[in-house]
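For reference, start-v1.txt is printed below; it contains compact mmCIF, C-alpha atoms and all ligand atoms.
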```txt
# COMPACT_ATOMS: atom_id res chain seq x y z
CA MET A 3 91.88 97.04 224.89
CA PRO A 4 93.42 94.97 227.70
CA LYS A 5 91.22 94.50 230.77
CA THR A 6 91.67 97.15 233.46
CA CYS A 7 90.98 96.97 237.20
CA PRO A 8 88.93 99.31 239.41
CA VAL A 9 90.71 102.38 240.77
CA PHE A 10 89.90 103.51 244.33
CA SER A 11 90.36 106.99 245.78
CA ALA A 12 91.46 107.97 249.28
CA SER A 13 87.85 108.65 250.40
CA GLU A 14 86.70 106.92 253.61
CA HIS A 15 84.26 104.87 251.54
CA ASP A 16 86.94 103.66 249.11
CA LEU A 17 89.47 102.96 251.88
CA ASP A 18 86.82 100.82 253.64
CA GLN A 19 86.25 98.96 250.37
CA CYS A 20 90.00 98.36 249.86
CA ALA A 21 90.35 97.09 253.44
CA GLU A 22 87.43 94.71 252.93
CA ARG A 23 88.90 93.42 249.68
CA LEU A 24 92.23 92.74 251.40
CA ARG A 25 90.36 90.87 254.17
CA GLN A 26 88.86 88.77 251.34
CA ASP A 27 92.43 87.90 250.22
CA GLU A 28 92.38 90.13 247.16
CA ILE A 29 95.59 91.67 245.77
CA LEU A 30 95.60 95.47 245.41
CA ALA A 31 98.20 97.97 244.25
CA ILE A 32 98.75 100.58 246.95
CA PRO A 33 100.65 103.90 247.10
CA THR A 34 103.70 104.25 249.34
CA GLU A 35 106.10 107.16 249.78
CA THR A 36 108.66 105.23 247.68
CA VAL A 37 106.92 103.37 244.82
CA TYR A 38 103.56 101.60 244.39
CA GLY A 39 103.37 98.18 246.03
CA LEU A 40 101.42 95.02 245.17
CA ALA A 41 99.76 94.19 248.48
CA GLY A 42 98.11 91.19 250.10
CA ASN A 43 97.71 89.70 253.59
CA ALA A 44 101.28 88.93 254.78
CA LEU A 45 100.05 86.23 257.17
CA LYS A 46 98.37 84.14 254.43
CA GLU A 47 100.34 81.82 252.21
CA SER A 48 97.74 81.98 249.42
CA CYS A 49 98.03 85.79 249.21
CA ALA A 50 101.82 85.64 248.94
CA GLN A 51 101.47 82.99 246.24
CA ALA A 52 99.12 85.27 244.29
CA ILE A 53 101.56 88.20 244.57
CA PHE A 54 104.46 86.11 243.22
CA ALA A 55 102.24 84.87 240.36
CA VAL A 56 100.95 88.33 239.34
CA LYS A 57 104.45 89.80 239.38
CA GLY A 58 106.06 86.80 237.66
CA ARG A 59 108.62 86.83 240.45
CA PRO A 60 110.67 83.74 241.34
CA LEU A 61 109.78 82.23 244.72
CA ILE A 62 113.41 82.60 245.87
CA ASP A 63 113.03 86.40 246.05
CA PRO A 64 111.31 87.34 249.37
CA LEU A 65 108.67 90.04 249.95
CA ILE A 66 108.71 93.11 252.23
CA VAL A 67 106.16 93.12 255.08
CA HIS A 68 104.47 96.51 255.77
CA CYS A 69 103.11 97.24 259.25
CA ALA A 70 100.78 99.95 260.60
CA SER A 71 103.05 100.93 263.51
CA ILE A 72 106.42 100.28 265.11
CA GLU A 73 104.67 98.25 267.83
CA ALA A 74 102.97 96.09 265.19
CA ALA A 75 106.28 95.55 263.36
CA PHE A 76 107.99 94.44 266.56
CA ASN A 77 105.57 91.47 266.74
CA TYR A 78 107.25 89.93 263.72
CA LEU A 79 110.96 90.39 264.55
CA HIS A 80 113.42 89.12 267.14
CA LEU A 81 114.02 92.39 268.92
CA HIS A 82 117.41 93.80 269.81
CA PRO A 83 118.33 97.25 271.18
CA VAL A 84 120.00 98.24 267.88
CA ILE A 85 116.86 97.30 265.93
CA GLU A 86 114.64 99.23 268.34
CA ALA A 87 116.85 102.31 268.12
CA VAL A 88 116.98 102.30 264.30
CA ALA A 89 113.22 101.69 264.04
CA LYS A 90 112.40 104.55 266.40
CA ASN A 91 114.76 106.83 264.48
CA PHE A 92 113.57 106.09 260.94
CA TRP A 93 110.00 104.67 261.10
CA PRO A 94 107.58 105.49 259.73
CA GLY A 95 109.63 106.03 256.60
CA PRO A 96 111.43 104.63 253.56
CA LEU A 97 113.70 102.23 255.48
CA THR A 98 113.35 98.44 255.36
CA ILE A 99 115.00 96.44 258.14
CA VAL A 100 116.05 92.83 257.59
CA ALA A 101 116.09 90.94 260.89
CA ARG A 102 115.47 87.47 262.32
CA LYS A 103 111.77 86.67 261.95
CA GLN A 104 109.03 85.35 264.21
CA ASN A 105 107.20 82.19 263.09
CA SER A 106 103.91 83.96 262.35
CA ILE A 107 105.31 85.11 258.99
CA PRO A 108 104.74 82.28 256.48
CA ASP A 109 107.88 80.81 254.91
CA ILE A 110 106.75 81.68 251.40
CA VAL A 111 106.87 85.42 252.25
CA THR A 112 110.54 85.20 253.24
CA ALA A 113 111.47 82.62 250.57
CA GLY A 114 112.27 80.14 253.33
CA LEU A 115 114.80 82.44 255.02
CA ASP A 116 114.78 82.81 258.81
CA THR A 117 114.88 86.58 258.33
CA VAL A 118 112.16 89.02 257.29
CA ALA A 119 112.29 92.43 255.59
CA ILE A 120 109.93 94.84 257.38
CA ARG A 121 109.00 98.49 257.16
CA VAL A 122 106.47 100.93 258.58
CA PRO A 123 105.48 103.19 255.68
CA GLN A 124 104.95 106.93 255.93
CA HIS A 125 102.41 107.50 253.15
CA PRO A 126 99.25 108.89 254.85
CA ILE A 127 96.82 106.99 252.61
CA PHE A 128 98.68 103.70 253.03
CA GLN A 129 98.77 104.33 256.78
CA GLN A 130 94.98 104.85 256.80
CA LEU A 131 94.56 101.57 254.98
CA LEU A 132 96.88 99.63 257.32
CA ALA A 133 95.09 101.12 260.36
CA ARG A 134 91.87 99.45 259.16
CA LEU A 135 93.49 95.99 259.10
CA ASP A 136 94.55 93.63 261.86
CA PHE A 137 97.24 92.02 259.68
CA PRO A 138 100.36 93.38 257.92
CA LEU A 139 100.62 93.61 254.13
CA ALA A 140 103.27 91.88 252.05
CA ALA A 141 104.09 94.15 249.13
CA PRO A 142 106.85 94.05 246.54
CA SER A 143 107.02 96.93 244.09
CA ALA A 144 104.01 96.70 241.75
CA ASN A 145 105.96 96.14 238.51
CA PRO A 146 106.27 93.01 236.40
CA PHE A 147 109.47 91.23 237.55
CA GLY A 148 112.58 93.01 236.20
CA TYR A 149 110.77 96.11 234.88
CA VAL A 150 110.93 99.69 236.22
CA SER A 151 108.97 100.28 239.46
CA PRO A 152 105.71 102.25 239.26
CA THR A 153 105.47 105.70 240.84
CA GLN A 154 101.93 106.50 239.68
CA ALA A 155 98.66 104.53 239.65
CA GLN A 156 98.56 104.65 235.83
CA HIS A 157 101.95 102.90 235.62
CA VAL A 158 100.41 99.95 237.48
CA GLN A 159 97.23 100.02 235.40
CA LYS A 160 99.29 99.86 232.17
CA THR A 161 101.44 96.89 233.23
CA LEU A 162 99.44 94.81 235.75
CA GLY A 163 95.90 96.24 235.47
CA SER A 164 94.51 93.08 233.88
CA LYS A 165 95.91 90.83 236.62
CA ILE A 166 94.98 92.51 239.93
CA ASP A 167 91.80 93.27 241.89
CA GLY A 168 92.21 97.05 242.13
CA ILE A 169 94.48 100.07 242.56
CA LEU A 170 94.32 102.55 245.42
CA ASP A 171 95.35 105.83 243.78
CA GLY A 172 97.41 108.01 246.11
CA GLY A 173 98.93 110.25 243.42
CA PRO A 174 102.62 110.27 242.48
CA CYS A 175 105.03 108.75 245.06
CA THR A 176 107.20 111.34 246.83
CA HIS A 177 110.60 109.63 246.75
CA GLY A 178 110.16 107.74 243.47
CA ILE A 179 112.70 105.00 244.26
CA GLU A 180 112.43 102.02 246.60
CA SER A 181 113.27 102.04 250.32
CA THR A 182 116.78 101.69 251.67
CA ILE A 183 117.32 98.12 252.96
CA LEU A 184 119.39 97.74 256.13
CA ASP A 185 120.69 94.32 257.12
CA LEU A 186 120.35 93.86 260.89
CA ARG A 187 120.45 90.05 260.89
CA GLU A 188 123.45 90.48 263.16
CA PRO A 189 122.52 93.81 264.76
CA ASN A 190 126.12 94.64 265.66
CA LYS A 191 127.27 94.06 262.07
CA PRO A 192 124.88 96.29 260.10
CA ALA A 193 125.17 96.64 256.31
CA ILE A 194 123.28 98.31 253.47
CA LEU A 195 121.61 95.80 251.13
CA ARG A 196 119.97 98.40 248.88
CA GLN A 197 120.64 102.14 248.64
CA GLY A 198 117.52 104.31 248.87
CA PRO A 199 116.01 107.54 250.19
CA ILE A 200 117.52 107.15 253.68
CA SER A 201 121.21 107.76 253.01
CA GLN A 202 124.06 105.50 254.05
CA SER A 203 125.60 108.42 255.97
CA ALA A 204 122.37 109.12 257.93
CA LEU A 205 122.22 105.46 258.93
CA ALA A 206 125.92 105.25 259.80
CA SER A 207 125.67 108.28 262.06
CA ALA A 208 122.53 106.93 263.78
CA LEU A 209 124.24 103.56 264.28
CA LYS A 210 127.50 105.23 265.31
CA ARG A 211 129.52 102.68 263.40
CA PRO A 212 130.79 102.10 259.85
CA LEU A 213 128.19 100.79 257.47
CA PRO A 214 129.43 98.69 254.53
CA ASP A 215 127.42 98.77 251.31
CA ARG A 216 126.85 95.12 250.40
CA SER A 217 124.79 96.03 247.34
CA ILE A 218 128.02 97.12 245.63
CA SER A 219 129.51 93.62 245.68
CA LEU A 220 126.52 92.57 243.59
CA HIS A 221 127.98 94.44 240.64
CA THR A 222 130.75 91.86 240.60
CA ASP A 223 130.86 88.08 240.31
CA GLY A 224 131.18 87.74 244.10
CA PRO A 225 128.70 85.79 246.19
CA GLN A 226 125.20 87.30 246.44
CA CYS A 227 124.47 88.41 249.99
CA ALA A 228 120.86 89.36 249.44
CA PRO A 229 118.29 87.59 247.32
CA GLY A 230 116.73 89.61 244.56
CA GLN A 231 119.60 92.05 244.13
CA LEU A 232 120.00 91.19 240.49
CA LEU A 233 122.47 93.11 238.39
CA LYS A 234 119.86 93.47 235.62
CA HIS A 235 116.73 95.07 237.05
CA TYR A 236 114.55 98.17 236.61
CA SER A 237 114.93 97.57 232.87
CA THR A 238 113.06 99.37 230.14
CA GLN A 239 112.43 97.60 226.84
CA THR A 240 114.43 100.39 225.18
CA SER A 241 118.17 99.94 225.67
CA ILE A 242 119.92 102.37 228.02
CA GLU A 243 123.43 103.85 227.77
CA LEU A 244 124.83 105.86 230.69
CA PHE A 245 127.06 108.94 230.57
CA VAL A 246 128.78 111.08 233.20
CA ASP A 247 129.40 114.66 232.02
CA HIS A 248 128.56 115.03 228.35
CA PRO A 249 126.25 112.83 226.28
CA PRO A 250 127.77 110.75 223.49
CA SER A 251 127.59 112.84 220.33
CA ILE A 252 124.66 111.99 218.14
CA ASN A 253 125.12 111.88 214.40
CA THR A 254 122.14 113.98 213.38
CA SER A 255 122.41 112.99 209.74
CA ALA A 256 122.10 109.27 210.55
CA PRO A 257 118.57 108.00 209.93
CA SER A 258 118.11 106.70 213.49
CA SER A 259 119.40 109.83 215.24
CA SER A 260 115.95 111.18 216.07
CA LYS A 261 115.23 107.92 217.88
CA ILE A 262 117.71 108.61 220.67
CA ALA A 263 116.48 110.39 223.80
CA THR A 264 119.03 112.06 226.09
CA VAL A 265 118.15 112.44 229.77
CA PHE A 266 120.12 114.86 231.98
CA THR A 267 119.96 115.19 235.73
CA GLN A 268 119.62 118.99 235.34
CA ARG A 269 118.89 121.45 232.54
CA PRO A 270 121.93 121.16 230.21
CA GLN A 271 123.88 123.99 228.64
CA ALA A 272 122.66 124.75 225.14
CA SER A 273 125.88 123.26 223.68
CA ASP A 274 125.05 119.89 225.28
CA GLN A 275 121.43 119.76 224.20
CA ALA A 276 120.92 116.87 221.80
CA PRO A 277 117.79 116.75 219.57
CA ASN A 278 115.51 114.97 222.07
CA SER A 279 116.73 116.25 225.43
CA PHE A 280 114.93 115.84 228.74
CA TRP A 281 115.99 116.72 232.26
CA LEU A 282 114.91 115.27 235.60
CA SER A 283 115.27 118.50 237.55
CA GLU A 284 115.75 122.12 236.52
CA SER A 285 118.47 122.67 239.14
CA GLY A 286 119.84 119.13 239.57
CA ASP A 287 118.16 118.65 242.96
CA LEU A 288 118.75 114.94 243.58
CA GLU A 289 115.49 114.36 245.50
CA GLU A 290 113.65 115.73 242.46
CA VAL A 291 115.77 113.59 240.11
CA ALA A 292 114.78 110.45 242.08
CA HIS A 293 111.13 111.52 242.18
CA ASN A 294 110.98 111.90 238.38
CA LEU A 295 113.36 109.14 237.25
CA PHE A 296 111.14 106.02 236.92
CA SER A 297 108.25 108.06 235.61
CA LEU A 298 110.30 109.57 232.77
CA MET A 299 111.93 106.21 232.00
CA GLN A 300 108.46 104.66 231.56
CA LYS A 301 107.18 107.57 229.46
CA LEU A 302 110.18 107.37 227.12
CA ASP A 303 109.92 103.58 227.00
CA ARG A 304 106.36 103.92 225.69
CA SER A 305 107.50 106.38 222.99
CA ASP A 306 109.32 105.14 219.89
CA TYR A 307 112.93 105.78 220.93
CA SER A 308 115.46 103.11 220.06
CA GLN A 309 117.89 104.15 222.80
CA LEU A 310 117.91 106.24 226.00
CA ASN A 311 121.17 107.99 226.95
CA ILE A 312 120.86 108.78 230.66
CA GLN A 313 123.24 110.85 232.79
CA LEU A 314 124.51 109.38 236.06
CA ALA A 315 123.97 111.47 239.22
CA PRO A 316 126.77 112.69 241.50
CA ASN A 317 127.69 109.92 243.94
CA ILE A 318 126.36 111.63 247.06
CA GLY A 319 123.28 111.10 249.24
CA ILE A 320 120.35 109.75 247.23
CA GLY A 321 122.60 109.98 244.12
CA LEU A 322 124.06 106.60 245.17
CA ALA A 323 120.58 105.05 245.02
CA ILE A 324 119.79 106.73 241.68
CA ASN A 325 123.03 105.40 240.15
CA ASP A 326 122.39 101.92 241.54
CA ARG A 327 119.03 101.87 239.73
CA LEU A 328 120.56 103.29 236.52
CA ARG A 329 123.45 100.78 236.41
CA ARG A 330 121.05 97.86 236.84
CA ALA A 331 118.65 99.37 234.26
CA ALA A 332 121.50 99.68 231.73
CA ALA A 333 122.89 96.16 232.38
CA LYS A 334 122.72 93.99 229.27
O1 LIG B 1 110.12 100.87 248.84
C1 LIG B 1 110.01 99.65 248.85
O2 LIG B 1 110.76 98.92 249.50
C2 LIG B 1 108.89 99.06 248.01
C3 LIG B 1 107.54 99.49 248.60
C4 LIG B 1 106.37 98.83 247.94
O3 LIG B 1 107.56 99.24 249.97
N1 LIG B 1 108.99 97.63 247.96
C5 LIG B 1 109.98 96.98 247.29
O4 LIG B 1 109.86 95.63 247.34
O5 LIG B 1 110.86 97.55 246.70
P1 LIG B 1 110.66 94.66 246.33
O6 LIG B 1 110.08 93.32 246.62
O7 LIG B 1 110.52 95.12 244.96
O8 LIG B 1 112.12 94.72 246.85
C6 LIG B 1 112.42 94.14 248.09
C7 LIG B 1 113.81 93.64 248.12
C8 LIG B 1 114.05 92.47 247.20
O9 LIG B 1 115.26 92.68 246.51
C9 LIG B 1 114.17 91.29 248.14
O10 LIG B 1 115.03 90.31 247.65
C10 LIG B 1 114.73 91.95 249.39
O11 LIG B 1 114.05 93.17 249.46
N2 LIG B 1 114.40 91.16 250.59
C11 LIG B 1 113.20 90.83 251.06
N3 LIG B 1 113.30 90.04 252.14
C12 LIG B 1 114.63 89.88 252.38
C13 LIG B 1 115.39 89.18 253.37
N4 LIG B 1 114.80 88.47 254.33
N5 LIG B 1 116.73 89.23 253.28
C14 LIG B 1 117.34 89.97 252.32
N6 LIG B 1 116.68 90.65 251.35
C15 LIG B 1 115.34 90.60 251.39
MG MG B 2 111.10 95.71 243.16
```

Can I see the file as structure tokens?
Amino acid sequence: MPKTCPVFSASEHDLDQCAERLRQDEILAIPTETVYGLAGNALKESCAQAIFAVKGRPLIDPLIVHCASIEAAFNYLHLHPVIEAVAKNFWPGPLTIVARKQNSIPDIVTAGLDTVAIRVPQHPIFQQLLARLDFPLAAPSANPFGYVSPTQAQHVQKTLGSKIDGILDGGPCTHGIESTILDLREPNKPAILRQGPISQSALASALKRPLPDRSISLHTDGPQCAPGQLLKHYSTQTSIELFVDHPPSINTSAPSSSKIATVFTQRPQASDQAPNSFWLSESGDLEEVAHNLFSLMQKLDRSDYSQLNIQLAPNIGIGLAINDRLRRAAAK
């Protein structure tokens, strides 16, 4: 049995213990409303180093800084009226803002960039933890580099449990996919760097200007405009093929046919049901699809399927973020 780490609950006693461990520079997995994060003191170089090492993440890929409040977050950014307006509109919540940084954030956290990615999370248990600390927490998603992000404490225990100091269990994450990242390096030229639970259209209407999606260019050979936006990401060990309307037909007499799992966004018609069919939502509700996606991908990856056929979502709202994750997961 691989070594496991202690699991803490949301009791006052356990939250006090987690806060004390973080003050002692330990690295803990914590729940957020998006996915679980791998957290340590964002103002200490040694903690950031430990996070990169545990995750196996290259040092060129910067971390997100999580703050207890909007006021706290504003200590670490160069403020601008556009940034203030967006923050007040969407924080606390699943939106990360990239902006010019203050010097108190160590260079290692931002991979040497003069910008920092910051968010104020909405998860009540994470908020209670941050309120106990007088420093922000750097936290990438708590998955080994390149693998699917964790949406439950047990996902973290299975992959990183032997390498970290503890897990704060806050139950399953509501959104199930990572925060939207908004580039406000030049506040009057905003752009999306990663699609997520806050939709491009909600942001564009709050900003009252067009909002280009710079994550799309990363599907091509064009220049990378954000570090870490790798084409191949969120990958299961089992290979993934995507489909739009109907799954590729499975030859049921072939010996390997039972090894293929087919994942639909909603309950399929009987004529479309392949031998091992799963669906992410009964009705096709896209919030529910996002909530269940990474969890089902990990469950199927731990079963003995040789291939996962997964249906793309409609390209609207959070469907854009779901499809972004699926395309990267299926990249060879
Ligand atoms: O929902 C989330 O955002 C979760 C939870 C834990 O908060 N965190 C998360 O972190 O997804 P991570 O490290 O897995 O993804 C953060 C992304 C990376 O692709 C990183 O390259 C990008 O944010 N990033 C961080 N700092 C940046 C910066 N200064 N400029 C551009 N991109 C940045
Ligand atoms: Mg990640």

Output the neighbourhood of ligand MG 2 (chain B) as an mmCIF file with C-alpha atoms, in the frame of the given file, that is, all protein and nucleic acid residues with some atom at most 7 Å from the ligand, counting all atoms listed in the file.
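File selection22.cif, as written:
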```cif
data_model
loop_
_atom_site.group_PDB
_atom_site.id
_atom_site.type_symbol
_atom_site.label_atom_id
_atom_site.label_comp_id
_atom_site.auth_asym_id
_atom_site.auth_seq_id
_atom_site.Cartn_x
_atom_site.Cartn_y
_atom_site.Cartn_z
ATOM 1 C CA PRO A 142 106.850 94.050 246.540
ATOM 2 C CA SER A 143 107.020 96.930 244.090
ATOM 3 C CA ASN A 145 105.960 96.140 238.510
ATOM 4 C CA SER A 151 108.970 100.280 239.460
#
```

Separation of atom CA of Ala315 of chain A from atom CA of Ala141 of chain A in Å: 28.2 Å

Straight-line distance linking atom CA of Gly172 of chain A with atom CA of Val67 of chain A, stated in Å to one decimal: 19.5 Å

Box dimensions and centre (Å, one decimal) enclosing ligand LIG 1 (chain B), axis-aligned, 6 Å extra per side, as lines of an AutoDock Vina configuration file:
```
center_x = 111.9
center_y = 94.7
center_z = 249.6
size_x = 23.0
size_y = 24.4
size_z = 21.4
```

Can you pull out every residue within 10 Å of Gly163 of chain A, counting all atoms listed in the file, but drop anything in the same chain fewer than 6 positions away, and send it as an MDAnalysis selection string? chainID A and resid 4:9 30:31 155:157 169

Please find the residues contacting ligand LIG 1 (chain B) at a distance of at most 6 Å between atoms, with only C-alpha atoms and all ligand atoms counted, and report them as a PyMOL selection string. chain A and resi 36-39+63-66+100+112+117-119+141-143+180-181+228-231

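Counting only C-alpha atoms and comparing A:Ala55, A:Leu244, A:Val111, A:Leu209, the residue that lies closest to Ala333 of chain A is A:Leu244.
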
Using all atoms listed in the file, which residues sit within 9 Å of Leu322 of chain A once same-chain residues fewer than 5 positions away are excluded, as a list in words?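 Skipping anything fewer than 5 positions along the chain leaves Gln197, Gly198, Ser201, Gln202, Ala315, Pro316, Asn317 and Arg327 of chain A.
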
Save the residues we just selected, C-alpha atoms, as a tab-separated table (two decimals), keeping the file's coordinate frame?
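Result file result_12.tsv:
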```tsv
chain	number	residue	atom	x	y	z
A	197	GLN	CA	120.64	102.14	248.64
A	198	GLY	CA	117.52	104.31	248.87
A	201	SER	CA	121.21	107.76	253.01
A	202	GLN	CA	124.06	105.50	254.05
A	315	ALA	CA	123.97	111.47	239.22
A	316	PRO	CA	126.77	112.69	241.50
A	317	ASN	CA	127.69	109.92	243.94
A	327	ARG	CA	119.03	101.87	239.73
```

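For the pair atom CA of Glu243 of chain A and atom CA of Arg330 of chain A, the separation is 11.1 Å.
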
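Every polymer residue reaching to within 8 Å of (110.1, 103.3, 262.8), counting only C-alpha atoms, appears in this list: Ser71, Ile72, Val88, Ala89, Lys90, Asn91, Phe92, Trp93, Pro94, Gly95, Arg121 and Val122 of chain A.
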
Keeping C-alpha atoms, export the residues of the selection given above as a PDB file, keeping the file's coordinate frame.
```pdb
ATOM      1  CA  SER A  71     103.050 100.930 263.510  1.00  0.00           C
ATOM      2  CA  ILE A  72     106.420 100.280 265.110  1.00  0.00           C
ATOM      3  CA  VAL A  88     116.980 102.300 264.300  1.00  0.00           C
ATOM      4  CA  ALA A  89     113.220 101.690 264.040  1.00  0.00           C
ATOM      5  CA  LYS A  90     112.400 104.550 266.400  1.00  0.00           C
ATOM      6  CA  ASN A  91     114.760 106.830 264.480  1.00  0.00           C
ATOM      7  CA  PHE A  92     113.570 106.090 260.940  1.00  0.00           C
ATOM      8  CA  TRP A  93     110.000 104.670 261.100  1.00  0.00           C
ATOM      9  CA  PRO A  94     107.580 105.490 259.730  1.00  0.00           C
ATOM     10  CA  GLY A  95     109.630 106.030 256.600  1.00  0.00           C
ATOM     11  CA  ARG A 121     109.000  98.490 257.160  1.00  0.00           C
ATOM     12  CA  VAL A 122     106.470 100.930 258.580  1.00  0.00           C
TER      13      VAL A 122
END
```

List the spatial neighbours of Ala331 of chain A as a CSV table (one decimal) with C-alpha atoms, keeping the file's coordinate frame - criterion: any atom at most 7 Å away, all atoms listed in the file, same-chain residues fewer than 6 positions off excluded.
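Result saved to out.csv:
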```
chain,number,residue,atom,x,y,z
A,234,LYS,CA,119.9,93.5,235.6
A,235,HIS,CA,116.7,95.1,237.0
A,236,TYR,CA,114.6,98.2,236.6
A,237,SER,CA,114.9,97.6,232.9
A,238,THR,CA,113.1,99.4,230.1
```

Of A:Glu290, A:Glu47, A:Glu35, A:Glu86, the one sitting nearest Phe128 of chain A when using only C-alpha atoms is A:Glu35

Could you pull the residues within 10 Å of Asp247 of chain A, counting only C-alpha atoms, minus those fewer than 4 positions along the same chain, as a PyMOL selection string? chain A and resi 266+274+313-315

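Shortest atom-to-atom contact with Ile120 of chain A among A:Thr153, A:Thr182, A:Ser217, A:Gln275: A:Thr182, counting only C-alpha atoms.
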
Pick from A:Gly321, A:Pro33, A:Gly168, A:Pro96: nearest to Ile200 of chain A, with only C-alpha atoms counted?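 Residue with the minimum atom-to-atom distance to Ile200 of chain A: A:Pro96.
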
Phe280 of chain A environment, 12 Å, only C-alpha atoms, sequence neighbours closer than 3 positions dropped, as a VMD selection string: chain A and resid 249 262 to 270 274 to 277 283 to 284 291 294 to 295 298 to 299 301 to 302 310 to 313

C-alpha atoms of the current selection, written as a compact mmCIF listing (two decimals), keeping the file's coordinate frame:
```
# COMPACT_ATOMS: atom_id res chain seq x y z
CA PRO A 249 126.25 112.83 226.28
CA ILE A 262 117.71 108.61 220.67
CA ALA A 263 116.48 110.39 223.80
CA THR A 264 119.03 112.06 226.09
CA VAL A 265 118.15 112.44 229.77
CA PHE A 266 120.12 114.86 231.98
CA THR A 267 119.96 115.19 235.73
CA GLN A 268 119.62 118.99 235.34
CA ARG A 269 118.89 121.45 232.54
CA PRO A 270 121.93 121.16 230.21
CA ASP A 274 125.05 119.89 225.28
CA GLN A 275 121.43 119.76 224.20
CA ALA A 276 120.92 116.87 221.80
CA PRO A 277 117.79 116.75 219.57
CA SER A 283 115.27 118.50 237.55
CA GLU A 284 115.75 122.12 236.52
CA VAL A 291 115.77 113.59 240.11
CA ASN A 294 110.98 111.90 238.38
CA LEU A 295 113.36 109.14 237.25
CA LEU A 298 110.30 109.57 232.77
CA MET A 299 111.93 106.21 232.00
CA LYS A 301 107.18 107.57 229.46
CA LEU A 302 110.18 107.37 227.12
CA LEU A 310 117.91 106.24 226.00
CA ASN A 311 121.17 107.99 226.95
CA ILE A 312 120.86 108.78 230.66
CA GLN A 313 123.24 110.85 232.79
```

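Across A:Gly114, A:Pro123, A:Gly42, A:Pro214, the tightest approach to Ala140 of chain A is made by A:Gly42 when counting all atoms listed in the file.
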
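Distance check against Gln300 of chain A using all atoms listed in the file: of A:Gln129, A:Asn278, A:Thr161, A:Ser285, the minimum falls on A:Thr161.
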
With N, CA, C and O atoms as the goal, would you fill in the gaps in segment 62-73 of chain A and present it as a PDB file, in the frame of the given file?
```pdb
ATOM      1  N   ILE A  62     112.204  82.453 245.037  1.00  0.00           N
ATOM      2  CA  ILE A  62     113.410  82.600 245.870  1.00  0.00           C
ATOM      3  C   ILE A  62     113.659  84.057 246.260  1.00  0.00           C
ATOM      4  O   ILE A  62     114.610  84.353 246.969  1.00  0.00           O
ATOM      5  N   ASP A  63     112.794  84.958 245.823  1.00  0.00           N
ATOM      6  CA  ASP A  63     113.030  86.400 246.050  1.00  0.00           C
ATOM      7  C   ASP A  63     111.967  86.926 247.030  1.00  0.00           C
ATOM      8  O   ASP A  63     110.836  87.190 246.647  1.00  0.00           O
ATOM      9  N   PRO A  64     112.326  87.096 248.334  1.00  0.00           N
ATOM     10  CA  PRO A  64     111.310  87.340 249.370  1.00  0.00           C
ATOM     11  C   PRO A  64     110.648  88.719 249.288  1.00  0.00           C
ATOM     12  O   PRO A  64     111.145  89.633 248.631  1.00  0.00           O
ATOM     13  N   LEU A  65     109.506  88.830 249.988  1.00  0.00           N
ATOM     14  CA  LEU A  65     108.670  90.040 249.950  1.00  0.00           C
ATOM     15  C   LEU A  65     108.927  90.908 251.182  1.00  0.00           C
ATOM     16  O   LEU A  65     109.327  90.404 252.225  1.00  0.00           O
ATOM     17  N   ILE A  66     108.634  92.214 251.073  1.00  0.00           N
ATOM     18  CA  ILE A  66     108.710  93.110 252.230  1.00  0.00           C
ATOM     19  C   ILE A  66     107.351  93.117 252.933  1.00  0.00           C
ATOM     20  O   ILE A  66     106.307  93.148 252.274  1.00  0.00           O
ATOM     21  N   VAL A  67     107.386  93.077 254.279  1.00  0.00           N
ATOM     22  CA  VAL A  67     106.160  93.120 255.080  1.00  0.00           C
ATOM     23  C   VAL A  67     105.976  94.547 255.596  1.00  0.00           C
ATOM     24  O   VAL A  67     106.905  95.139 256.167  1.00  0.00           O
ATOM     25  N   HIS A  68     104.772  95.119 255.378  1.00  0.00           N
ATOM     26  CA  HIS A  68     104.470  96.510 255.770  1.00  0.00           C
ATOM     27  C   HIS A  68     103.525  96.513 256.960  1.00  0.00           C
ATOM     28  O   HIS A  68     102.457  95.886 256.911  1.00  0.00           O
ATOM     29  N   CYS A  69     103.900  97.232 258.010  1.00  0.00           N
ATOM     30  CA  CYS A  69     103.110  97.240 259.250  1.00  0.00           C
ATOM     31  C   CYS A  69     102.579  98.637 259.542  1.00  0.00           C
ATOM     32  O   CYS A  69     103.184  99.643 259.163  1.00  0.00           O
ATOM     33  N   ALA A  70     101.456  98.678 260.303  1.00  0.00           N
ATOM     34  CA  ALA A  70     100.780  99.950 260.600  1.00  0.00           C
ATOM     35  C   ALA A  70     101.582 100.802 261.579  1.00  0.00           C
ATOM     36  O   ALA A  70     101.493 102.026 261.546  1.00  0.00           O
ATOM     37  N   SER A  71     102.356 100.171 262.459  1.00  0.00           N
ATOM     38  CA  SER A  71     103.050 100.930 263.510  1.00  0.00           C
ATOM     39  C   SER A  71     104.325 100.186 263.900  1.00  0.00           C
ATOM     40  O   SER A  71     104.506  99.005 263.583  1.00  0.00           O
ATOM     41  N   ILE A  72     105.179 100.897 264.619  1.00  0.00           N
ATOM     42  CA  ILE A  72     106.420 100.280 265.110  1.00  0.00           C
ATOM     43  C   ILE A  72     106.064  99.110 266.032  1.00  0.00           C
ATOM     44  O   ILE A  72     106.647  98.023 265.917  1.00  0.00           O
ATOM     45  N   GLU A  73     105.070  99.311 266.896  1.00  0.00           N
ATOM     46  CA  GLU A  73     104.670  98.250 267.830  1.00  0.00           C
ATOM     47  C   GLU A  73     104.226  97.007 267.055  1.00  0.00           C
ATOM     48  O   GLU A  73     104.586  95.891 267.402  1.00  0.00           O
TER      49      GLU A  73
END
```
